[in-house]
file target39.csv (CSV, C-alpha atoms)
chain,number,residue,atom,x,y,z
A,227,MET,CA,-2.5,-21.5,-29.1
A,228,CYS,CA,-1.7,-18.0,-30.2
A,229,PRO,CA,0.2,-16.3,-27.4
A,230,TRP,CA,-0.8,-12.8,-28.6
A,231,PHE,CA,-3.8,-11.6,-26.6
A,232,LYS,CA,-6.1,-8.7,-27.2
A,233,VAL,CA,-5.9,-6.5,-24.1
A,234,ALA,CA,-7.5,-3.1,-24.7
A,235,LYS,CA,-8.4,-0.4,-27.2
A,236,VAL,CA,-5.7,2.3,-27.8
A,237,SER,CA,-8.2,4.9,-26.7
A,238,GLU,CA,-8.5,3.3,-23.3
A,239,ILE,CA,-5.0,4.3,-22.4
A,240,LYS,CA,-4.9,8.0,-22.1
A,241,LEU,CA,-1.7,10.0,-22.7
A,242,ASN,CA,0.8,9.7,-19.9
A,243,SER,CA,-1.3,7.3,-17.9
A,244,MET,CA,-1.4,3.6,-17.1
A,245,ARG,CA,-4.1,1.0,-16.6
A,246,GLU,CA,-4.1,-2.5,-15.3
A,247,PHE,CA,-5.8,-5.4,-17.1
A,248,ASP,CA,-6.4,-9.1,-16.3
A,249,VAL,CA,-5.5,-11.2,-19.3
A,250,ALA,CA,-5.5,-15.0,-19.2
A,251,GLY,CA,-4.4,-15.1,-15.6
A,252,TYR,CA,-1.8,-12.4,-16.1
A,253,LYS,CA,-2.0,-8.9,-14.6
A,254,ILE,CA,-0.7,-6.5,-17.2
A,255,LEU,CA,-0.1,-2.8,-16.9
A,256,LEU,CA,-0.5,-0.9,-20.2
A,257,VAL,CA,1.3,2.4,-20.2
A,258,ASN,CA,1.1,5.3,-22.5
A,259,ALA,CA,4.3,7.3,-22.0
A,260,SER,CA,4.4,10.4,-24.2
A,261,GLY,CA,2.3,8.6,-26.9
A,262,GLU,CA,4.3,5.4,-26.9
A,263,LEU,CA,2.6,2.2,-25.6
A,264,TYR,CA,4.3,-0.3,-23.4
A,265,ALA,CA,3.2,-3.5,-21.6
A,266,VAL,CA,4.7,-4.5,-18.3
A,267,GLU,CA,3.8,-6.8,-15.4
A,268,ALA,CA,1.5,-5.0,-13.0
A,269,SER,CA,3.2,-6.0,-9.8
A,270,CYS,CA,6.4,-4.6,-8.5
A,271,PRO,CA,9.2,-7.3,-8.5
A,272,HIS,CA,10.3,-6.0,-5.1
A,273,MET,CA,7.3,-7.0,-2.9
A,274,GLY,CA,4.5,-7.6,-5.4
A,275,TYR,CA,2.5,-4.4,-4.9
A,276,SER,CA,0.3,-3.0,-7.6
A,277,LEU,CA,2.2,-0.6,-9.8
A,278,LYS,CA,-1.0,1.0,-10.9
A,279,PHE,CA,-0.8,2.9,-7.6
A,280,GLY,CA,2.6,4.3,-8.7
A,281,SER,CA,3.5,7.3,-10.7
A,282,LEU,CA,4.7,7.8,-14.3
A,283,SER,CA,7.2,10.4,-15.5
A,284,GLU,CA,8.0,9.9,-19.2
A,285,ARG,CA,9.4,6.3,-19.3
A,286,VAL,CA,10.1,6.1,-15.6
A,287,LEU,CA,7.6,4.1,-13.5
A,288,ARG,CA,7.8,4.6,-9.8
A,289,CYS,CA,6.3,2.2,-7.3
A,290,GLY,CA,4.1,3.9,-4.7
A,291,PHE,CA,5.2,1.7,-1.9
A,292,HIS,CA,8.9,1.5,-1.6
A,293,TYR,CA,9.7,3.9,-4.5
A,294,ALA,CA,11.7,1.6,-6.8
A,295,GLU,CA,11.9,3.1,-10.3
A,296,PHE,CA,11.9,1.2,-13.5
A,297,ASP,CA,12.4,2.0,-17.2
A,298,ILE,CA,9.2,0.6,-18.8
A,299,LYS,CA,10.9,0.0,-22.1
A,300,ASP,CA,13.2,-2.7,-20.8
A,301,GLY,CA,12.2,-3.1,-17.2
A,302,ARG,CA,15.6,-2.3,-15.8
A,303,VAL,CA,15.9,-0.8,-12.3
A,304,LEU,CA,16.7,2.9,-12.4
A,305,LYS,CA,16.5,3.3,-8.6
A,306,GLU,CA,16.4,0.6,-6.0
A,307,PRO,CA,13.6,0.5,-3.4
A,308,VAL,CA,14.4,2.6,-0.4
A,309,ASP,CA,14.5,-0.3,2.0
A,310,SER,CA,16.7,-2.8,0.1
A,311,LYS,CA,19.2,-3.4,-2.7
A,312,ASP,CA,16.6,-5.3,-4.8
A,313,THR,CA,17.6,-5.1,-8.4
A,314,ARG,CA,15.1,-7.5,-9.9
A,315,THR,CA,13.9,-6.1,-13.2
A,316,LEU,CA,10.3,-5.5,-14.2
A,317,LYS,CA,9.0,-8.0,-16.7
A,318,THR,CA,8.1,-6.4,-20.0
A,319,TYR,CA,5.9,-7.9,-22.8
A,320,PRO,CA,6.1,-7.4,-26.5
A,321,LEU,CA,3.2,-5.2,-27.7
A,322,ARG,CA,1.7,-4.5,-31.1
A,323,VAL,CA,-1.2,-2.4,-32.3
A,324,GLU,CA,-3.6,-3.7,-34.9
A,325,GLY,CA,-6.0,-1.0,-35.9
A,326,GLU,CA,-7.4,0.2,-32.6
A,327,THR,CA,-6.5,-3.0,-30.7
A,328,ILE,CA,-3.5,-3.4,-28.4
A,329,MET,CA,-2.1,-7.0,-28.5
A,330,VAL,CA,0.4,-8.3,-26.0
A,331,LEU,CA,2.6,-11.4,-26.4
A,332,LEU,CA,2.3,-13.1,-23.0
A,333,ASP,CA,4.4,-16.2,-23.6
A,334,GLU,CA,7.0,-16.7,-26.3
B,99,MET,CA,2.7,-29.3,31.8
B,100,LYS,CA,1.8,-30.1,28.3
B,101,ILE,CA,-1.1,-28.4,26.7
B,102,SER,CA,-3.4,-31.0,25.3
B,103,LYS,CA,-3.9,-31.0,21.6
B,104,PHE,CA,-7.4,-30.3,20.3
B,105,GLN,CA,-8.8,-31.9,17.3
B,106,THR,CA,-8.9,-29.2,14.7
B,107,THR,CA,-11.7,-28.6,12.2
B,108,LYS,CA,-11.9,-26.5,9.1
B,109,ASN,CA,-12.5,-22.8,9.6
B,110,VAL,CA,-15.6,-21.8,7.7
B,111,GLY,CA,-14.7,-18.1,8.0
B,112,ARG,CA,-11.6,-18.8,5.9
B,113,GLU,CA,-13.3,-21.3,3.6
B,114,MET,CA,-16.0,-18.8,2.6
B,115,VAL,CA,-13.3,-16.3,1.6
B,116,GLU,CA,-11.5,-19.0,-0.4
B,117,LYS,CA,-14.7,-20.0,-2.1
B,118,ALA,CA,-15.3,-16.4,-3.1
B,119,GLY,CA,-12.0,-16.6,-5.0
B,120,VAL,CA,-9.6,-14.8,-2.7
B,121,ASP,CA,-6.0,-16.1,-2.5
B,122,VAL,CA,-6.1,-16.2,1.3
B,123,ASP,CA,-2.4,-16.8,1.8
B,124,LEU,CA,-1.6,-13.7,-0.3
B,125,LEU,CA,-4.2,-11.7,1.6
B,126,ILE,CA,-2.6,-12.8,4.9
B,127,THR,CA,0.8,-11.6,3.5
B,128,LYS,CA,-0.8,-8.2,2.6
B,129,LEU,CA,-2.4,-7.9,6.0
B,130,LYS,CA,0.8,-8.7,7.8
B,131,ARG,CA,2.8,-6.2,5.8
B,132,ALA,CA,0.1,-3.6,6.4
B,133,ALA,CA,0.2,-4.3,10.2
B,134,ALA,CA,4.0,-4.1,10.0
B,135,ALA,CA,3.8,-0.7,8.3
B,136,GLU,CA,1.4,0.5,11.1
B,137,PHE,CA,3.7,-0.7,13.8
B,138,THR,CA,6.9,0.8,12.3
B,139,THR,CA,5.1,4.0,11.5
B,140,TYR,CA,3.9,4.3,15.1
B,141,TYR,CA,7.5,4.0,16.1
B,142,TYR,CA,9.0,6.4,13.6
B,143,TYR,CA,6.2,8.9,14.2
B,144,THR,CA,7.1,8.9,17.9
B,145,ILE,CA,10.5,10.3,16.9
B,146,LEU,CA,9.2,12.7,14.3
B,147,ARG,CA,6.7,14.1,16.8
B,148,MET,CA,9.5,14.8,19.3
B,149,HIS,CA,11.1,17.1,16.7
B,150,CYS,CA,7.9,19.1,16.1
B,151,SER,CA,8.9,21.7,18.5
B,152,GLY,CA,9.3,25.5,18.6
B,153,LEU,CA,6.7,28.1,17.6
B,154,GLU,CA,5.7,26.4,14.4
B,155,GLY,CA,6.3,22.8,15.5
B,156,GLU,CA,4.1,22.8,18.5
B,157,GLY,CA,1.1,23.4,16.4
B,158,ILE,CA,1.9,20.4,14.3
B,159,LYS,CA,2.7,18.1,17.2
B,160,GLU,CA,-0.8,17.3,18.1
B,161,VAL,CA,-1.8,16.4,14.6
B,162,VAL,CA,1.2,14.0,14.4
B,163,GLU,CA,0.1,12.6,17.7
B,164,ASP,CA,-3.4,11.9,16.5
B,165,ALA,CA,-2.0,10.1,13.4
B,166,ARG,CA,0.6,8.2,15.5
B,167,LEU,CA,-1.9,6.9,18.0
B,168,GLU,CA,-4.4,5.9,15.3
B,169,ASP,CA,-1.7,4.0,13.4
B,170,ARG,CA,-1.0,1.9,16.5
B,171,LEU,CA,-4.7,1.3,16.7
B,172,HIS,CA,-4.7,0.1,13.1
B,173,PHE,CA,-2.1,-2.4,14.0
B,174,GLU,CA,-4.3,-3.6,16.9
B,175,THR,CA,-7.3,-3.7,14.5
B,176,LEU,CA,-5.5,-5.8,11.9
B,177,VAL,CA,-3.9,-8.4,14.1
B,178,PRO,CA,-7.1,-10.4,15.1
B,179,ARG,CA,-8.0,-10.7,11.4
B,180,ILE,CA,-4.6,-12.1,10.5
B,181,TYR,CA,-5.0,-14.9,13.1
B,182,GLU,CA,-8.7,-15.6,12.1
B,183,LEU,CA,-7.6,-16.3,8.6
B,184,GLY,CA,-4.9,-18.7,9.8
B,185,GLY,CA,-1.9,-16.4,9.7
B,186,GLU,CA,0.3,-15.2,12.5
B,187,LEU,CA,2.5,-12.2,13.3
B,188,TYR,CA,6.2,-12.1,12.6
B,189,ARG,CA,8.1,-13.8,15.4
B,190,ASP,CA,11.1,-11.6,14.8
B,191,LEU,CA,10.7,-7.9,15.1
B,192,LYS,CA,13.6,-7.4,12.6
B,193,GLU,CA,11.6,-9.4,10.0
B,194,LEU,CA,8.5,-7.2,10.7
B,195,HIS,CA,10.5,-4.1,10.0
B,196,ASP,CA,12.0,-5.3,6.8
B,197,ASP,CA,8.7,-6.7,5.4
B,198,ALA,CA,6.6,-3.6,6.1
B,199,ALA,CA,4.4,-2.4,3.2
B,200,CYS,CA,5.7,1.1,3.4
B,201,ALA,CA,9.2,2.6,3.6
B,202,ALA,CA,10.4,3.6,7.1
B,203,ALA,CA,9.5,7.2,8.0
B,204,TYR,CA,13.0,8.1,9.1
B,205,LEU,CA,13.8,11.5,10.7
B,206,PRO,CA,15.3,13.7,7.9
B,207,SER,CA,19.0,14.6,7.9
B,208,ASP,CA,18.1,18.0,9.3
B,209,PRO,CA,15.7,17.2,12.1
B,210,SER,CA,14.9,20.9,12.6
B,211,ASP,CA,13.4,21.2,9.1
B,212,LEU,CA,9.7,21.0,9.7
B,213,THR,CA,8.8,21.0,6.1
B,214,GLU,CA,10.9,17.9,5.5
B,215,ILE,CA,9.2,16.2,8.5
B,216,LEU,CA,5.8,17.0,7.0
B,217,LYS,CA,6.8,15.6,3.6
B,218,ILE,CA,7.8,12.4,5.3
B,219,LEU,CA,4.6,12.2,7.2
B,220,LEU,CA,2.6,13.0,4.1
B,221,GLU,CA,4.4,10.3,2.0
B,222,ALA,CA,3.8,7.7,4.8
B,223,GLU,CA,0.1,8.4,4.8
B,224,ARG,CA,-0.1,8.2,1.0
B,225,CYS,CA,1.6,4.8,1.0
B,226,ALA,CA,-1.0,3.7,3.6
B,227,VAL,CA,-3.8,4.9,1.4
B,228,ARG,CA,-2.4,2.8,-1.4
B,229,VAL,CA,-2.0,-0.3,0.9
B,230,TYR,CA,-5.6,-0.3,2.0
B,231,THR,CA,-7.0,0.6,-1.4
B,232,GLU,CA,-5.3,-2.5,-2.7
B,233,ILE,CA,-6.7,-4.7,0.1
B,234,CYS,CA,-10.2,-3.2,-0.4
B,235,ASP,CA,-9.9,-4.0,-4.1
B,236,MET,CA,-8.8,-7.5,-3.4
B,237,THR,CA,-11.6,-8.3,-0.9
B,238,CYS,CA,-14.6,-6.2,-2.1
B,239,GLY,CA,-17.6,-8.4,-2.4
B,240,LYS,CA,-15.6,-11.5,-1.4
B,241,ASP,CA,-14.2,-11.2,2.1
B,242,HIS,CA,-16.7,-8.9,3.8
B,243,ARG,CA,-15.0,-8.8,7.2
B,244,THR,CA,-11.5,-7.9,5.9
B,245,TYR,CA,-13.1,-5.4,3.5
B,246,ASP,CA,-15.0,-3.7,6.3
B,247,ILE,CA,-11.8,-3.5,8.5
B,248,SER,CA,-9.7,-2.2,5.6
B,249,LEU,CA,-12.2,0.3,4.5
B,250,ALA,CA,-12.5,1.7,8.1
B,251,ILE,CA,-8.7,2.1,8.2
B,252,LEU,CA,-8.6,3.6,4.7
B,253,HIS,CA,-11.1,6.3,5.9
B,254,GLU,CA,-8.7,7.3,8.6
B,255,GLU,CA,-5.6,7.1,6.4
B,256,VAL,CA,-7.2,9.4,3.9
B,257,GLU,CA,-8.0,11.9,6.7
B,258,HIS,CA,-4.4,11.7,7.9
B,259,GLU,CA,-3.2,12.5,4.3
B,260,ALA,CA,-5.5,15.5,4.2
B,261,TRP,CA,-4.3,16.8,7.6
B,262,PHE,CA,-0.7,16.8,6.5
B,263,GLN,CA,-1.4,18.1,3.1
B,264,GLU,CA,-3.4,21.0,4.6
B,265,ILE,CA,-0.5,22.0,6.8
B,266,LEU,CA,2.1,21.6,4.2
B,267,GLU,CA,0.3,23.1,1.2
B,268,GLY,CA,-2.2,25.4,2.9
B,269,ARG,CA,-5.1,23.7,1.3
B,270,PRO,CA,-8.5,24.6,2.5
B,271,SER,CA,-9.1,22.5,5.6
B,272,GLY,CA,-12.3,20.6,6.2
B,273,HIS,CA,-11.0,18.7,9.2
B,274,PHE,CA,-11.7,19.2,12.9
B,275,ARG,CA,-9.7,17.8,15.8
B,276,ARG,CA,-10.5,14.3,17.0
B,277,ARG,CA,-12.6,14.2,20.2
B,278,LYS,CA,-9.6,12.7,21.9
B,279,PRO,CA,-6.1,11.7,20.8
B,280,GLY,CA,-6.1,8.4,19.0
B,281,GLU,CA,-9.9,8.3,18.7
B,282,GLY,CA,-9.9,6.3,15.5
B,283,PRO,CA,-13.6,7.1,14.8
B,284,TYR,CA,-14.0,4.6,11.9
B,285,THR,CA,-12.1,1.7,13.3
B,286,GLN,CA,-13.6,2.0,16.8
B,287,LYS,CA,-16.1,-0.8,16.3
B,288,PHE,CA,-13.4,-3.4,15.7
B,289,ARG,CA,-11.5,-2.7,18.8
B,290,HIS,CA,-11.8,-4.0,22.3
B,291,ILE,CA,-9.1,-1.9,23.8
B,292,GLU,CA,-8.8,1.8,24.6
call {"tool": "encode", "arguments": {"input": "target39.csv", "output": "structure tokens"}}
result
Amino acid sequence: MCPWFKVAKVSEIKLNSMREFDVAGYKILLVNASGELYAVEASCPHMGYSLKFGSLSERVLRCGFHYAEFDIKDGRVLKEPVDSKDTRTLKTYPLRVEGETIMVLLDE
Amino acid sequence: MKISKFQTTKNVGREMVEKAGVDVDLLITKLKRAAAAEFTTYYYYTILRMHCSGLEGEGIKEVVEDARLEDRLHFETLVPRIYELGGELYRDLKELHDDAACAAAYLPSDPSDLTEILKILLEAERCAVRVYTEICDMTCGKDHRTYDISLAILHEEVEHEAWFQEILEGRPSGHFRRRKPGEGPYTQKFRHIE
């Protein structure tokens, strides 16, 4: 089975915004940060809350619940959540664009 | 004296929710964390309210009080639903604090800074809006009772956010005072306490 999945059209992810998608049982957050597209898991590794409710500033994704911050390029923690020393990284997924279609590699 | 054990049967209320496709254990976790956030917010707002004093602070105090009392009522509103679904409250208060859906609304380092207090209040309400939006998204069309409760709380949290934003940013204000402190107009129908 091909692990690359069609997730969305490029035009669906507006500049400097993010959108959550359900793909094959995975919740994926597609992010358009300054024109670059990224795919990350849609739940915060800290307590599992939806990152779609968070905020985006360039490549920094901030969770709207306990305010952990992640670099969406590699998922590393830039700022720990305010209530703990949780340094679990955000899972990122390889992404490629074919024409207008965004493809994400879910399992290698 | 020992309490006799009753034969237990399946709970249709929970079964219907499961059959609709909701991960009920995950939902219970989210409801518990939401309840924990309401309980801790009630506590921290008590402290924040105390520091709303002086010529400017006294005008804010009653708004904080309305939000504080309604947050406690939200806790009371959520608890029966947690048990109906088969969950239970944290047995250790420390665990409740650390598992709350939102960050603790601590008093700012300069407790006399009313603007900082308002920012903390506003951020706490915004987190609550996210919490109930997520639960509504999860239960809409699937768990009618949890959805109804969460939507009622969401209405009140959105109003709390508006109150603090109006004070902090001077936005045009559409809100009027509650009829009485801690009225909770949207969640009233779920409560059996005053």
call {"tool": "residues_around", "arguments": {"input": "target39.csv", "residues": "A:Ser260", "least_positions_apart": "5", "cutoff": "9 Å", "atoms": "all atoms listed in the file", "output": "PDB file with C-alpha atoms, in the frame of the given file"}}
result
ATOM      1  CA  LEU A 241      -1.700  10.000 -22.700  1.00  0.00           C
ATOM      2  CA  ASN A 242       0.800   9.700 -19.900  1.00  0.00           C
ATOM      3  CA  GLU A 284       8.000   9.900 -19.200  1.00  0.00           C
ATOM      4  CA  ARG A 285       9.400   6.300 -19.300  1.00  0.00           C
TER       5      ARG A 285
END
call {"tool": "interface_residues", "arguments": {"input": "target39.csv", "of": "chain A", "to": "chain B", "cutoff": "8 Å", "atoms": "all atoms listed in the file", "output": "VMD selection string"}}
result
chain A and resid 276 279 290 to 292 308 to 309
call {"tool": "write_last_selection", "arguments": {"input": "target39.csv", "atoms": "C-alpha atoms", "output": "CSV table (one decimal), in the frame of the given file"}}
result
chain,number,residue,atom,x,y,z
A,276,SER,CA,0.3,-3.0,-7.6
A,279,PHE,CA,-0.8,2.9,-7.6
A,290,GLY,CA,4.1,3.9,-4.7
A,291,PHE,CA,5.2,1.7,-1.9
A,292,HIS,CA,8.9,1.5,-1.6
A,308,VAL,CA,14.4,2.6,-0.4
A,309,ASP,CA,14.5,-0.3,2.0
call {"tool": "residues_around", "arguments": {"input": "target39.csv", "residues": "B:Ser271", "least_positions_apart": "5", "cutoff": "9 Å", "atoms": "only C-alpha atoms", "output": "JSON, numbers by chain"}}
result
{"B": [260, 261, 264, 265]}
call {"tool": "residues_around", "arguments": {"input": "target39.csv", "residues": "A:Cys289", "least_positions_apart": "3", "cutoff": "7 Å", "atoms": "all atoms listed in the file", "output": "list in words"}}
result
Cys270, Leu277, Gly280, Ser281, His292, Tyr293, Ala294 and Glu295 of chain A
call {"tool": "atom_distance", "arguments": {"input": "target39.csv", "atom1": "atom CA of A:Tyr319", "atom2": "atom CA of A:Leu332"}}
result
6.3 Å
call {"tool": "atom_distance", "arguments": {"input": "target39.csv", "atom1": "atom CA of B:Met148", "atom2": "atom CA of B:Val161"}}
result
12.3 Å
call {"tool": "residues_around", "arguments": {"input": "target39.csv", "residues": "B:Gly119", "least_positions_apart": "5", "cutoff": "10 Å", "atoms": "only C-alpha atoms", "output": "list in words"}}
result
Glu113, Met114, Met236, Thr237, Lys240 and Asp241 of chain B
call {"tool": "residues_around", "arguments": {"input": "target39.csv", "residues": "B:His290", "least_positions_apart": "6", "cutoff": "12 Å", "atoms": "all atoms listed in the file", "output": "short mmCIF file (atom, residue, chain, number, x, y, z; two decimals) with C-alpha atoms, in the coordinates of the input"}}
result
data_model
loop_
_atom_site.label_atom_id
_atom_site.label_comp_id
_atom_site.auth_asym_id
_atom_site.auth_seq_id
_atom_site.Cartn_x
_atom_site.Cartn_y
_atom_site.Cartn_z
CA LEU B 171 -4.70 1.30 16.70
CA GLU B 174 -4.30 -3.60 16.90
CA THR B 175 -7.30 -3.70 14.50
CA PRO B 178 -7.10 -10.40 15.10
#
call {"tool": "atom_distance", "arguments": {"input": "target39.csv", "atom1": "atom CA of A:Lys235", "atom2": "atom CA of A:Leu263"}}
result
11.4 Å
call {"tool": "decode", "arguments": {"input": "target39.csv", "residues": "stretch 234-267 of chain A", "atoms": "N, CA and C atoms", "output": "PDB file, in the first residue's frame"}}
result
ATOM      1  N   ALA A 234      -5.164  17.406   0.582  1.00  0.00           N
ATOM      2  CA  ALA A 234      -5.917  18.632   0.272  1.00  0.00           C
ATOM      3  C   ALA A 234      -5.371  19.263  -0.999  1.00  0.00           C
ATOM      4  N   LYS A 235      -6.062  20.269  -1.460  1.00  0.00           N
ATOM      5  CA  LYS A 235      -5.563  21.104  -2.553  1.00  0.00           C
ATOM      6  C   LYS A 235      -4.740  22.248  -1.941  1.00  0.00           C
ATOM      7  N   VAL A 236      -3.737  22.673  -2.646  1.00  0.00           N
ATOM      8  CA  VAL A 236      -2.889  23.770  -2.169  1.00  0.00           C
ATOM      9  C   VAL A 236      -3.727  25.007  -1.847  1.00  0.00           C
ATOM     10  N   SER A 237      -4.730  25.260  -2.675  1.00  0.00           N
ATOM     11  CA  SER A 237      -5.545  26.474  -2.493  1.00  0.00           C
ATOM     12  C   SER A 237      -6.400  26.430  -1.221  1.00  0.00           C
ATOM     13  N   GLU A 238      -6.521  25.239  -0.623  1.00  0.00           N
ATOM     14  CA  GLU A 238      -7.333  25.131   0.601  1.00  0.00           C
ATOM     15  C   GLU A 238      -6.600  25.658   1.833  1.00  0.00           C
ATOM     16  N   ILE A 239      -5.280  25.784   1.730  1.00  0.00           N
ATOM     17  CA  ILE A 239      -4.512  26.227   2.898  1.00  0.00           C
ATOM     18  C   ILE A 239      -4.034  27.648   2.627  1.00  0.00           C
ATOM     19  N   LYS A 240      -4.761  28.583   3.154  1.00  0.00           N
ATOM     20  CA  LYS A 240      -4.452  29.990   2.904  1.00  0.00           C
ATOM     21  C   LYS A 240      -3.116  30.387   3.542  1.00  0.00           C
ATOM     22  N   LEU A 241      -2.557  31.462   3.017  1.00  0.00           N
ATOM     23  CA  LEU A 241      -1.271  31.954   3.526  1.00  0.00           C
ATOM     24  C   LEU A 241      -1.356  32.230   5.037  1.00  0.00           C
ATOM     25  N   ASN A 242      -0.343  31.741   5.747  1.00  0.00           N
ATOM     26  CA  ASN A 242      -0.250  31.935   7.207  1.00  0.00           C
ATOM     27  C   ASN A 242      -1.494  31.446   7.953  1.00  0.00           C
ATOM     28  N   SER A 243      -1.930  30.261   7.548  1.00  0.00           N
ATOM     29  CA  SER A 243      -3.076  29.657   8.240  1.00  0.00           C
ATOM     30  C   SER A 243      -2.840  28.152   8.354  1.00  0.00           C
ATOM     31  N   MET A 244      -3.721  27.484   9.037  1.00  0.00           N
ATOM     32  CA  MET A 244      -3.605  26.033   9.178  1.00  0.00           C
ATOM     33  C   MET A 244      -4.989  25.409   9.167  1.00  0.00           C
ATOM     34  N   ARG A 245      -5.028  24.137   8.784  1.00  0.00           N
ATOM     35  CA  ARG A 245      -6.317  23.458   8.692  1.00  0.00           C
ATOM     36  C   ARG A 245      -6.125  21.989   9.017  1.00  0.00           C
ATOM     37  N   GLU A 246      -7.097  21.457   9.760  1.00  0.00           N
ATOM     38  CA  GLU A 246      -6.990  20.044  10.179  1.00  0.00           C
ATOM     39  C   GLU A 246      -7.717  19.143   9.182  1.00  0.00           C
ATOM     40  N   PHE A 247      -7.123  17.960   8.955  1.00  0.00           N
ATOM     41  CA  PHE A 247      -7.739  16.973   8.057  1.00  0.00           C
ATOM     42  C   PHE A 247      -7.687  15.595   8.701  1.00  0.00           C
ATOM     43  N   ASP A 248      -8.706  14.802   8.419  1.00  0.00           N
ATOM     44  CA  ASP A 248      -8.721  13.394   8.827  1.00  0.00           C
ATOM     45  C   ASP A 248      -8.293  12.570   7.627  1.00  0.00           C
ATOM     46  N   VAL A 249      -7.198  11.837   7.792  1.00  0.00           N
ATOM     47  CA  VAL A 249      -6.718  11.019   6.683  1.00  0.00           C
ATOM     48  C   VAL A 249      -6.358   9.640   7.214  1.00  0.00           C
ATOM     49  N   ALA A 250      -7.075   8.637   6.739  1.00  0.00           N
ATOM     50  CA  ALA A 250      -6.788   7.245   7.091  1.00  0.00           C
ATOM     51  C   ALA A 250      -6.600   7.059   8.597  1.00  0.00           C
ATOM     52  N   GLY A 251      -7.441   7.685   9.356  1.00  0.00           N
ATOM     53  CA  GLY A 251      -7.373   7.527  10.809  1.00  0.00           C
ATOM     54  C   GLY A 251      -6.378   8.451  11.495  1.00  0.00           C
ATOM     55  N   TYR A 252      -5.666   9.243  10.723  1.00  0.00           N
ATOM     56  CA  TYR A 252      -4.726  10.214  11.297  1.00  0.00           C
ATOM     57  C   TYR A 252      -5.360  11.608  11.256  1.00  0.00           C
ATOM     58  N   LYS A 253      -5.099  12.369  12.287  1.00  0.00           N
ATOM     59  CA  LYS A 253      -5.498  13.780  12.240  1.00  0.00           C
ATOM     60  C   LYS A 253      -4.243  14.588  11.904  1.00  0.00           C
ATOM     61  N   ILE A 254      -4.306  15.230  10.747  1.00  0.00           N
ATOM     62  CA  ILE A 254      -3.144  15.958  10.227  1.00  0.00           C
ATOM     63  C   ILE A 254      -3.455  17.447  10.182  1.00  0.00           C
ATOM     64  N   LEU A 255      -2.479  18.232  10.585  1.00  0.00           N
ATOM     65  CA  LEU A 255      -2.633  19.679  10.475  1.00  0.00           C
ATOM     66  C   LEU A 255      -1.732  20.155   9.338  1.00  0.00           C
ATOM     67  N   LEU A 256      -2.341  20.720   8.321  1.00  0.00           N
ATOM     68  CA  LEU A 256      -1.551  21.313   7.237  1.00  0.00           C
ATOM     69  C   LEU A 256      -1.372  22.801   7.526  1.00  0.00           C
ATOM     70  N   VAL A 257      -0.134  23.237   7.391  1.00  0.00           N
ATOM     71  CA  VAL A 257       0.190  24.619   7.763  1.00  0.00           C
ATOM     72  C   VAL A 257       0.840  25.316   6.566  1.00  0.00           C
ATOM     73  N   ASN A 258       0.389  26.515   6.301  1.00  0.00           N
ATOM     74  CA  ASN A 258       1.027  27.355   5.297  1.00  0.00           C
ATOM     75  C   ASN A 258       1.707  28.510   6.034  1.00  0.00           C
ATOM     76  N   ALA A 259       3.004  28.361   6.232  1.00  0.00           N
ATOM     77  CA  ALA A 259       3.754  29.393   6.962  1.00  0.00           C
ATOM     78  C   ALA A 259       4.590  30.177   5.973  1.00  0.00           C
ATOM     79  N   SER A 260       4.200  31.393   5.732  1.00  0.00           N
ATOM     80  CA  SER A 260       4.896  32.300   4.798  1.00  0.00           C
ATOM     81  C   SER A 260       5.091  31.661   3.424  1.00  0.00           C
ATOM     82  N   GLY A 261       4.086  30.896   2.992  1.00  0.00           N
ATOM     83  CA  GLY A 261       4.149  30.297   1.660  1.00  0.00           C
ATOM     84  C   GLY A 261       4.734  28.902   1.626  1.00  0.00           C
ATOM     85  N   GLU A 262       5.331  28.446   2.719  1.00  0.00           N
ATOM     86  CA  GLU A 262       5.872  27.081   2.800  1.00  0.00           C
ATOM     87  C   GLU A 262       4.827  26.185   3.450  1.00  0.00           C
ATOM     88  N   LEU A 263       4.659  24.981   2.892  1.00  0.00           N
ATOM     89  CA  LEU A 263       3.673  24.050   3.444  1.00  0.00           C
ATOM     90  C   LEU A 263       4.339  23.021   4.351  1.00  0.00           C
ATOM     91  N   TYR A 264       3.664  22.709   5.450  1.00  0.00           N
ATOM     92  CA  TYR A 264       4.157  21.711   6.398  1.00  0.00           C
ATOM     93  C   TYR A 264       2.988  20.835   6.841  1.00  0.00           C
ATOM     94  N   ALA A 265       3.317  19.584   7.220  1.00  0.00           N
ATOM     95  CA  ALA A 265       2.296  18.687   7.777  1.00  0.00           C
ATOM     96  C   ALA A 265       2.772  18.205   9.139  1.00  0.00           C
ATOM     97  N   VAL A 266       1.938  18.381  10.134  1.00  0.00           N
ATOM     98  CA  VAL A 266       2.271  17.939  11.494  1.00  0.00           C
ATOM     99  C   VAL A 266       1.056  17.244  12.096  1.00  0.00           C
ATOM    100  N   GLU A 267       1.298  16.501  13.176  1.00  0.00           N
ATOM    101  CA  GLU A 267       0.147  15.895  13.836  1.00  0.00           C
ATOM    102  C   GLU A 267      -0.718  17.014  14.411  1.00  0.00           C
TER     103      GLU A 267
END
